[in-house]
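protein04.txt follows; it contains compact mmCIF, C-alpha atoms.
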```
# COMPACT_ATOMS: atom_id res chain seq x y z
CA MET A 11 51.81 -78.83 43.44
CA ASP A 12 52.40 -75.20 44.24
CA LYS A 13 55.36 -75.16 41.93
CA ASP A 14 53.26 -76.47 39.08
CA ASN A 15 50.66 -73.68 39.61
CA GLN A 16 53.34 -71.00 39.67
CA LEU A 17 54.81 -72.39 36.48
CA GLN A 18 51.42 -72.41 34.82
CA GLN A 19 50.74 -68.78 35.82
CA SER A 20 54.11 -67.67 34.57
CA THR A 21 53.39 -69.40 31.28
CA ASP A 22 49.99 -67.64 30.91
CA LYS A 23 51.17 -64.06 31.50
CA PRO A 24 53.11 -63.54 28.29
CA THR A 25 50.11 -64.72 26.36
CA GLU A 26 47.83 -62.05 27.88
CA GLN A 27 50.37 -59.32 27.25
CA THR A 28 50.76 -60.43 23.67
CA ALA A 29 46.99 -60.29 23.21
CA VAL A 30 46.84 -56.81 24.66
CA LYS A 31 49.55 -55.61 22.36
CA THR A 32 47.86 -57.11 19.35
CA ASP A 33 44.49 -55.39 20.12
CA THR A 34 46.18 -52.04 20.58
CA LYS A 35 47.92 -52.38 17.26
CA ASP A 36 44.63 -53.11 15.48
CA GLU A 37 43.06 -50.02 17.03
CA VAL A 38 45.99 -47.88 15.96
CA ILE A 39 45.66 -49.16 12.42
CA ALA A 40 41.85 -48.64 12.26
CA ALA A 41 41.84 -45.11 13.77
CA PRO A 42 43.50 -43.34 10.83
CA LYS A 43 41.05 -44.92 8.37
CA GLU A 44 37.98 -43.70 10.31
CA SER A 45 39.50 -40.27 10.75
CA ASN A 46 40.15 -39.93 7.01
CA SER A 47 36.56 -40.98 6.19
CA ALA A 48 35.12 -38.40 8.58
CA LYS A 49 37.40 -35.74 7.17
CA MET A 50 36.37 -36.52 3.60
CA MET A 51 32.70 -36.41 4.57
CA SER A 52 33.14 -33.05 6.29
CA LEU A 53 34.94 -31.61 3.27
CA PHE A 54 32.23 -32.91 0.97
CA VAL A 55 29.46 -31.37 3.08
CA LEU A 56 31.36 -28.09 3.33
CA GLY A 57 31.99 -28.01 -0.42
CA LEU A 58 28.33 -28.79 -1.15
CA LEU A 59 27.26 -26.01 1.22
CA LEU A 60 29.56 -23.52 -0.51
CA VAL A 61 28.21 -24.54 -3.93
CA LEU A 62 24.62 -24.08 -2.74
CA ILE A 63 25.44 -20.66 -1.28
CA MET A 64 27.04 -19.60 -4.57
CA LEU A 65 24.06 -20.87 -6.57
CA TYR A 66 21.69 -19.03 -4.22
CA ALA A 67 23.63 -15.76 -4.59
CA LEU A 68 23.90 -16.07 -8.38
CA THR A 69 20.23 -17.00 -8.76
CA ASP A 70 19.21 -13.99 -6.66
CA ARG A 71 20.90 -11.71 -9.18
CA ILE A 72 20.62 -13.47 -12.53
CA ALA A 73 17.18 -15.09 -12.12
CA PRO A 74 15.49 -13.78 -8.95
CA ASN A 75 12.32 -15.64 -8.06
CA SER A 76 9.54 -15.35 -5.52
CA SER A 77 6.45 -17.33 -4.62
CA ARG A 78 4.73 -14.26 -3.15
CA GLY A 79 3.45 -12.66 -6.33
CA ILE A 80 -0.09 -11.26 -6.18
CA VAL A 81 -2.63 -10.75 -8.96
CA SER A 82 -3.49 -7.03 -9.02
CA ALA A 83 -6.01 -4.85 -10.86
CA HIS A 84 -7.57 -1.41 -10.70
CA VAL A 85 -10.14 -1.53 -7.91
CA VAL A 86 -12.52 1.42 -7.83
CA GLN A 87 -14.99 2.36 -5.13
CA ILE A 88 -18.08 3.44 -7.04
CA ALA A 89 -19.74 6.48 -5.45
CA PRO A 90 -22.72 8.53 -6.65
CA ARG A 91 -22.40 12.19 -7.61
CA VAL A 92 -25.61 13.06 -5.75
CA SER A 93 -27.19 12.12 -2.42
CA GLY A 94 -30.48 10.34 -2.08
CA GLU A 95 -32.42 7.17 -1.37
CA VAL A 96 -31.63 4.06 -3.40
CA ILE A 97 -34.81 2.84 -5.07
CA GLN A 98 -33.38 0.04 -7.23
CA VAL A 99 -30.20 -2.06 -7.37
CA LEU A 100 -29.85 -3.22 -10.97
CA ILE A 101 -26.95 -5.73 -10.69
CA ASP A 102 -26.08 -8.80 -8.67
CA ASP A 103 -22.96 -9.31 -6.59
CA ASP A 104 -19.91 -10.46 -8.63
CA ALA A 105 -21.70 -9.61 -11.89
CA PHE A 106 -19.74 -8.90 -15.09
CA VAL A 107 -20.86 -5.63 -16.68
CA GLN A 108 -20.05 -3.55 -19.74
CA ALA A 109 -19.25 0.16 -19.85
CA GLY A 110 -22.37 2.25 -19.23
CA THR A 111 -24.39 -0.56 -17.63
CA PRO A 112 -26.76 0.91 -14.98
CA LEU A 113 -25.72 -0.24 -11.51
CA PHE A 114 -28.24 1.37 -9.19
CA THR A 115 -30.73 4.22 -9.20
CA ILE A 116 -31.27 6.98 -6.68
CA ASP A 117 -34.77 8.37 -6.30
CA PRO A 118 -34.97 10.88 -9.17
CA TYR A 119 -38.07 12.72 -7.94
CA PRO A 120 -36.21 15.42 -5.93
CA PHE A 121 -34.02 16.12 -8.95
CA GLN A 122 -37.00 16.21 -11.29
CA LEU A 123 -38.54 18.84 -9.02
CA ALA A 124 -35.26 20.79 -9.10
CA VAL A 125 -35.31 20.70 -12.92
CA ARG A 126 -38.91 21.91 -13.03
CA GLN A 127 -38.10 24.70 -10.62
CA ALA A 128 -35.04 25.72 -12.65
CA GLU A 129 -37.09 25.69 -15.85
CA ALA A 130 -39.78 27.85 -14.25
CA ASN A 131 -37.15 30.25 -12.96
CA PHE A 132 -35.55 30.39 -16.38
CA LYS A 133 -38.86 31.12 -18.11
CA SER A 134 -39.70 33.77 -15.53
CA THR A 135 -36.37 35.45 -16.17
CA LEU A 136 -36.97 35.37 -19.91
CA GLN A 137 -40.42 36.88 -19.49
CA SER A 138 -38.88 39.76 -17.61
CA VAL A 139 -37.02 40.65 -20.79
CA ASP A 140 -40.02 39.91 -23.03
CA ALA A 141 -38.49 36.80 -24.63
CA SER A 142 -39.70 33.25 -25.16
CA GLY A 143 -37.42 30.61 -23.69
CA ALA A 144 -38.99 27.31 -24.79
CA ALA A 145 -36.29 26.78 -27.44
CA ILE A 146 -33.52 27.65 -24.98
CA VAL A 147 -34.80 25.18 -22.38
CA ALA A 148 -34.74 22.38 -24.95
CA ALA A 149 -31.35 23.44 -26.28
CA GLN A 150 -29.89 23.63 -22.76
CA ALA A 151 -31.04 20.04 -22.05
CA GLY A 152 -29.29 18.90 -25.21
CA VAL A 153 -26.06 20.61 -24.13
CA THR A 154 -26.18 18.95 -20.72
CA GLN A 155 -26.63 15.47 -22.19
CA ALA A 156 -23.90 16.06 -24.75
CA ARG A 157 -21.47 17.29 -22.09
CA VAL A 158 -22.08 14.24 -19.86
CA ALA A 159 -21.54 11.94 -22.84
CA ARG A 160 -18.35 13.82 -23.78
CA ASP A 161 -16.94 13.57 -20.25
CA ASN A 162 -17.64 9.83 -20.07
CA ALA A 163 -16.12 9.22 -23.50
CA ARG A 164 -13.02 11.25 -22.64
CA THR A 165 -12.44 9.37 -19.37
CA GLU A 166 -12.82 6.00 -21.08
CA ALA A 167 -10.57 7.03 -23.97
CA GLU A 168 -7.77 8.24 -21.69
CA ARG A 169 -7.83 4.93 -19.85
CA THR A 170 -7.90 2.89 -23.08
CA LEU A 171 -4.98 4.83 -24.58
CA ARG A 172 -2.87 4.22 -21.46
CA LEU A 173 -3.57 0.51 -21.75
CA ALA A 174 -2.79 0.56 -25.47
CA GLU A 175 0.63 2.12 -24.80
CA ARG A 176 1.50 -0.93 -22.67
CA GLY A 177 0.02 -3.38 -25.17
CA LEU A 178 -2.85 -4.47 -22.92
CA VAL A 179 -5.54 -3.59 -25.47
CA SER A 180 -5.50 -3.67 -29.25
CA GLN A 181 -4.84 -0.65 -31.44
CA ALA A 182 -8.34 -1.05 -32.87
CA GLN A 183 -9.81 -0.42 -29.42
CA ALA A 184 -7.62 2.66 -29.01
CA ASP A 185 -8.76 4.00 -32.40
CA SER A 186 -12.38 3.31 -31.47
CA ALA A 187 -11.94 5.22 -28.20
CA LYS A 188 -10.49 8.22 -30.06
CA ALA A 189 -13.38 8.12 -32.53
CA SER A 190 -15.87 8.06 -29.65
CA VAL A 191 -14.31 11.20 -28.16
CA ASP A 192 -14.36 12.96 -31.53
CA ASP A 193 -18.01 12.03 -32.01
CA ALA A 194 -18.90 13.21 -28.49
CA ASN A 195 -17.08 16.51 -29.06
CA ALA A 196 -18.92 16.99 -32.32
CA ARG A 197 -22.27 16.36 -30.63
CA LEU A 198 -21.40 18.83 -27.87
CA VAL A 199 -20.38 21.49 -30.40
CA SER A 200 -23.64 20.95 -32.28
CA ALA A 201 -25.69 21.21 -29.07
CA GLU A 202 -23.87 24.37 -28.03
CA ALA A 203 -24.48 25.84 -31.50
CA ASN A 204 -28.19 25.13 -31.13
CA LEU A 205 -28.16 26.85 -27.75
CA ASP A 206 -26.36 29.90 -29.15
CA SER A 207 -28.85 30.03 -32.00
CA ALA A 208 -31.73 29.98 -29.54
CA LYS A 209 -30.10 32.78 -27.56
CA VAL A 210 -29.60 34.86 -30.69
CA GLU A 211 -33.33 34.74 -31.28
CA LEU A 212 -33.76 36.59 -27.99
CA GLY A 213 -32.20 39.64 -29.55
CA SER A 214 -29.57 41.96 -28.15
CA LEU A 215 -31.58 42.59 -24.98
CA GLY A 216 -31.59 39.02 -23.71
CA ARG A 217 -28.51 37.51 -25.31
CA ASP A 218 -25.98 38.81 -22.79
CA ASN A 219 -28.33 39.38 -19.89
CA PRO A 220 -26.64 38.25 -16.61
CA ALA A 221 -29.96 37.17 -15.10
CA ILE A 222 -30.65 34.88 -18.06
CA GLU A 223 -27.14 33.46 -17.89
CA ALA A 224 -27.51 32.70 -14.17
CA ALA A 225 -30.87 31.02 -14.73
CA ALA A 226 -29.37 28.93 -17.56
CA VAL A 227 -26.53 27.73 -15.31
CA GLN A 228 -29.00 26.78 -12.58
CA LEU A 229 -31.02 24.79 -15.10
CA GLU A 230 -27.97 22.98 -16.42
CA ARG A 231 -26.95 22.04 -12.87
CA ALA A 232 -30.40 20.63 -12.12
CA GLN A 233 -30.38 18.61 -15.34
CA TYR A 234 -26.91 17.27 -14.58
CA ASP A 235 -28.00 16.09 -11.11
CA LEU A 236 -31.03 14.35 -12.60
CA THR A 237 -28.79 12.52 -15.09
CA SER A 238 -26.46 11.48 -12.23
CA ALA A 239 -29.31 9.82 -10.32
CA THR A 240 -28.59 6.63 -12.27
CA VAL A 241 -25.05 5.36 -11.54
CA THR A 242 -23.43 3.43 -14.39
CA ALA A 243 -20.33 1.27 -14.81
CA PRO A 244 -17.28 3.36 -15.80
CA HIS A 245 -15.98 0.59 -18.11
CA LYS A 246 -16.00 -3.19 -18.54
CA GLY A 247 -15.42 -5.03 -15.30
CA VAL A 248 -16.81 -6.95 -12.34
CA VAL A 249 -18.99 -5.51 -9.60
CA THR A 250 -18.30 -7.07 -6.20
CA ASN A 251 -19.03 -6.47 -2.54
CA VAL A 252 -22.51 -5.15 -3.36
CA LEU A 253 -24.02 -4.16 -0.02
CA LEU A 254 -26.65 -1.75 -1.34
CA SER A 255 -30.35 -2.37 -0.91
CA ALA A 256 -33.48 -0.48 -1.83
CA GLY A 257 -34.40 2.10 0.78
CA GLN A 258 -30.83 2.82 1.81
CA PHE A 259 -29.83 6.49 1.87
CA ILE A 260 -26.37 7.27 0.49
CA ASN A 261 -24.42 10.49 0.35
CA ALA A 262 -22.64 11.96 -2.64
CA GLY A 263 -19.05 10.73 -2.80
CA ALA A 264 -19.63 7.86 -0.33
CA PRO A 265 -18.34 4.48 -1.66
CA SER A 266 -21.32 2.25 -2.39
CA LEU A 267 -19.85 -0.81 -4.14
CA THR A 268 -16.55 -2.12 -5.46
CA PHE A 269 -15.70 -2.26 -9.16
CA ILE A 270 -12.79 -4.32 -10.56
CA ASP A 271 -11.43 -3.30 -13.96
CA ALA A 272 -11.56 -6.26 -16.38
CA GLU A 273 -9.29 -4.66 -18.97
CA ALA A 274 -6.19 -4.04 -16.86
CA ALA A 275 -4.58 -6.69 -14.65
CA TRP A 276 -0.99 -7.31 -13.64
CA VAL A 277 1.15 -9.20 -11.12
CA THR A 278 2.85 -7.44 -8.21
CA VAL A 279 5.82 -9.24 -6.66
CA ASP A 280 7.97 -7.98 -3.80
CA LEU A 281 11.71 -8.60 -4.32
CA ARG A 282 14.49 -7.92 -1.87
CA GLU A 283 16.69 -4.96 -2.66
CA ASN A 284 19.73 -7.14 -3.44
CA GLN A 285 17.61 -9.09 -5.96
CA LEU A 286 17.00 -5.93 -8.00
CA GLN A 287 20.61 -5.25 -8.99
CA LEU A 288 20.14 -6.51 -12.58
CA VAL A 289 16.35 -6.22 -12.92
CA ASN A 290 15.14 -3.66 -15.48
CA PRO A 291 11.83 -2.85 -17.17
CA GLY A 292 11.34 -5.14 -20.15
CA ASP A 293 13.03 -8.20 -18.60
CA ALA A 294 11.31 -11.50 -19.39
CA VAL A 295 9.37 -13.19 -16.59
CA HIS A 296 7.84 -16.64 -16.22
CA LEU A 297 4.61 -16.76 -14.21
CA LEU A 298 3.01 -19.74 -12.51
CA PHE A 299 -0.51 -19.05 -11.23
CA ASP A 300 -1.84 -21.21 -8.41
CA ALA A 301 -5.23 -21.01 -10.14
CA VAL A 302 -3.75 -22.54 -13.32
CA PRO A 303 -1.43 -25.34 -12.15
CA GLY A 304 0.87 -27.01 -14.63
CA LYS A 305 1.11 -24.08 -17.04
CA ILE A 306 3.72 -21.33 -17.18
CA PHE A 307 2.90 -17.93 -18.70
CA VAL A 308 5.31 -15.36 -20.10
CA GLY A 309 5.35 -11.74 -18.98
CA ARG A 310 7.54 -8.64 -18.84
CA VAL A 311 8.68 -6.34 -16.07
CA GLN A 312 6.66 -3.18 -16.56
CA SER A 313 8.05 -1.04 -13.74
CA ILE A 314 9.88 -1.08 -10.41
CA ALA A 315 8.56 0.99 -7.53
CA TRP A 316 10.70 3.98 -6.60
CA GLY A 317 9.80 3.96 -2.94
CA ILE A 318 8.04 2.20 -0.08
CA ASP A 319 6.83 3.25 3.35
CA SER A 320 9.53 2.38 5.86
CA GLY A 321 7.13 2.76 8.77
CA ARG A 322 8.87 5.79 10.30
CA SER A 323 6.56 8.17 12.11
CA MET A 324 6.94 11.76 13.27
CA GLN A 325 6.08 13.44 16.54
CA GLY A 326 6.60 17.06 17.39
CA GLY A 327 8.11 17.63 13.96
CA LEU A 328 10.87 15.03 14.56
CA VAL A 329 11.30 11.46 13.36
CA VAL A 330 10.51 8.96 16.12
CA ASN A 331 13.31 6.55 16.95
CA GLN A 332 12.44 2.91 16.23
CA HIS A 333 13.46 0.63 19.07
CA THR A 334 14.61 -2.84 18.04
CA ASN A 335 16.41 -5.72 19.69
CA ARG A 336 17.13 -7.68 16.52
CA TRP A 337 20.66 -8.65 15.62
CA PHE A 338 19.94 -8.24 11.90
CA GLU A 339 17.45 -5.86 10.34
CA PRO A 340 15.01 -7.72 7.99
CA ALA A 341 15.51 -7.13 4.29
CA ARG A 342 13.30 -4.52 2.63
CA HIS A 343 11.12 -5.64 -0.26
CA ILE A 344 10.39 -3.44 -3.29
CA PRO A 345 7.23 -4.00 -5.41
CA VAL A 346 7.83 -4.95 -9.05
CA ARG A 347 4.96 -4.70 -11.55
CA ILE A 348 4.76 -7.47 -14.16
CA GLU A 349 2.36 -7.54 -17.10
CA LEU A 350 1.40 -10.54 -19.19
CA GLU A 351 2.55 -10.72 -22.80
CA GLY A 352 -0.43 -10.46 -25.10
CA GLY A 353 -2.36 -8.22 -22.72
CA MET A 354 -5.77 -9.14 -21.38
CA ALA A 355 -6.43 -11.42 -24.37
CA ALA A 356 -3.80 -13.81 -22.97
CA TRP A 357 -4.92 -13.50 -19.35
CA PRO A 358 -5.88 -16.93 -17.91
CA LYS A 359 -9.52 -17.48 -17.03
CA GLY A 360 -10.30 -18.28 -13.44
CA VAL A 361 -7.53 -16.10 -12.00
CA ARG A 362 -8.89 -13.75 -9.36
CA VAL A 363 -7.54 -10.51 -7.95
CA GLY A 364 -5.36 -11.30 -4.95
CA GLY A 365 -4.43 -14.75 -6.28
CA LYS A 366 -0.96 -16.19 -5.65
CA VAL A 367 1.71 -16.28 -8.37
CA HIS A 368 5.23 -17.76 -8.50
CA THR A 369 7.55 -15.60 -10.60
CA VAL A 370 11.03 -15.97 -12.09
CA VAL A 371 12.59 -12.80 -13.51
CA PHE A 372 15.31 -13.47 -16.08
CA ALA A 373 17.38 -10.39 -15.29
CA GLY A 374 20.50 -11.93 -16.88
CA GLY A 375 18.71 -13.31 -19.92
CA LYS A 376 17.54 -16.86 -20.56
CA ASP A 377 20.68 -18.30 -22.20
CA ASN A 378 22.82 -19.13 -19.18
CA PRO A 379 23.09 -22.11 -16.78
CA ILE A 380 21.57 -20.22 -13.85
CA SER A 381 18.48 -19.30 -15.86
CA TRP A 382 18.20 -22.88 -17.12
CA LEU A 383 18.32 -24.12 -13.54
CA ALA A 384 15.71 -21.59 -12.38
CA ASN A 385 13.47 -22.46 -15.32
CA GLY A 386 13.79 -26.19 -14.59
CA LEU A 387 12.94 -25.73 -10.93
CA GLN A 388 9.85 -23.72 -11.86
CA ARG A 389 8.80 -26.43 -14.33
CA ALA A 390 9.05 -28.98 -11.55
CA ARG A 391 7.07 -26.66 -9.28
CA SER A 392 4.35 -26.38 -11.92
CA ILE A 393 3.81 -30.13 -11.70
CA THR A 394 3.67 -30.21 -7.91
CA SER A 395 1.31 -27.21 -7.94
CA PHE A 396 -1.55 -29.64 -8.64
CA LEU A 397 -1.12 -30.90 -5.06
CA HIS A 398 -1.42 -27.66 -3.08
```

Go through the file and emit its structure as structure tokens.
Amino acid sequence: MDKDNQLQQSTDKPTEQTAVKTDTKDEVIAAPKESNSAKMMSLFVLGLLLVLIMLYALTDRIAPNSSRGIVSAHVVQIAPRVSGEVIQVLIDDDAFVQAGTPLFTIDPYPFQLAVRQAEANFKSTLQSVDASGAAIVAAQAGVTQARVARDNARTEAERTLRLAERGLVSQAQADSAKASVDDANARLVSAEANLDSAKVELGSLGRDNPAIEAAAVQLERAQYDLTSATVTAPHKGVVTNVLLSAGQFINAGAPSLTFIDAEAAWVTVDLRENQLQLVNPGDAVHLLFDAVPGKIFVGRVQSIAWGIDSGRSMQGGLVVNQHTNRWFEPARHIPVRIELEGGMAAWPKGVRVGGKVHTVVFAGGKDNPISWLANGLQRARSITSFLH
């Protein structure tokens, strides 16, 4: 019986060894296949990563883009030329106004008294030289009004001509602004001629009298302050952040409300320095406003800022060392100004100052694969912009 068991065990051993050898052989055969698959996958991922890095680098130079564009405009803090108590606020907050629209009025009574006092002083001075000054008082008032109108027309014309040079307003508006200045100058010349004529009537004794000249200047100053008691809009735009109320006392030169120019708007986008290598004024730009999803607008690079504040400070006449524990210094961003083609006539309605804009600058032109890719990605983004 024992012999039979030993024989059976001896018969079973080779079988187990054979099985072990067979399993090992299968593992040896399968291992190279799995290793090759993993290697191919690693090479594919590495190659895809390299391609993406190359596309990123090329896009940064040929078609740099940013989603951090900001709608910008001229924002002016309206301040009165004279001090006094506000008696009437003539506009509502966020109201759209035209050039010359009255915004608020300062109590004119103190200035009316100053004009009456200056007129009395002027007449007294004229009486001291035995001359009548009624005509001069009237002529001086005309000169003051004409000079204020000339100054306002000149300021508006200079602004309109700057906008016309960049194509933001039509040539007809520029010509109209020039005509307004010419008309205002003509009116001022006519008023000054009337004043000179009135002075001539005084005769040689009063014409060049220093006392009369001083009294005339005082009168003109009083009339100018009275005219400045009503603050008007400098040009077409929107009045916002109106915090004035009747009874409030304001000082000359103190900001009283905010005025946003409605005839000059642009997009400011900050690009990294290495994105600006091929960017130049005049390059085409595609703009996607968050306020106008699904539609892409065309613009042009108007200018590139020549400097930014690096945040360095001085103490004791020396630059203060900036301590940092970063491995890599963050990239600096340079503002780029972009204006819409077609000027303000093409500006989308509903876009507010400070709104977000996605921009693609075609620094290498539009006829290349990188620009096509950037344009396609922005088109896709314009569709998804409805969702956020």

Pick from A:Asn46, A:Gln228, A:Thr135, A:Ser76: nearest to A:Thr278, with all atoms listed in the file counted?
A:Ser76

A:Ser313 environment, 9 Å, all atoms listed in the file, sequence neighbours closer than 5 positions dropped, as a PyMOL selection string
chain A and resi 290-292+345-348

File of the preceding selection, C-alpha atoms, as a PDB file, in the frame of the given file:
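Ended up saving to result-v7.pdb:
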```pdb
ATOM      1  CA  ASN A 290      15.140  -3.660 -15.480  1.00  0.00           C
ATOM      2  CA  PRO A 291      11.830  -2.850 -17.170  1.00  0.00           C
ATOM      3  CA  GLY A 292      11.340  -5.140 -20.150  1.00  0.00           C
ATOM      4  CA  PRO A 345       7.230  -4.000  -5.410  1.00  0.00           C
ATOM      5  CA  VAL A 346       7.830  -4.950  -9.050  1.00  0.00           C
ATOM      6  CA  ARG A 347       4.960  -4.700 -11.550  1.00  0.00           C
ATOM      7  CA  ILE A 348       4.760  -7.470 -14.160  1.00  0.00           C
TER       8      ILE A 348
END
```

Polymer residues at most 7 Å from stretch 55-70 of chain A, only C-alpha atoms, same-chain spacing of 3 or more positions, as a PyMOL selection string:
chain A and resi 51-52+73-74+285+380

So what do you get for atom CA of A:Phe121 versus atom CA of A:Ala163, distance-wise?
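Spanning atom CA of A:Phe121 to atom CA of A:Ala163 is a straight-line distance of 24.1 Å.
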
Centre and edges of the stretch 355-367 of chain A box, axis-aligned, 8 Å extra per side, as JSON:
```
{"center_x": -4.3, "center_y": -14.4, "center_z": -14.7, "size_x": 28.0, "size_y": 23.8, "size_z": 35.4}
```

With all atoms listed in the file as the counted atoms, please give the residues lying no more than 12 Å from A:Ala174, apart from itself and same-chain residues fewer than 4 positions off, as number ranges by chain.
A: 167-170, 178-188, 273-274, 352-354

Taking into account only C-alpha atoms, which residue in the set A:Asp235, A:Asp104, A:Asp193, A:Glu175 is nearest to A:Asn251?
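Smallest separation from A:Asn251 among the options: A:Asp104.
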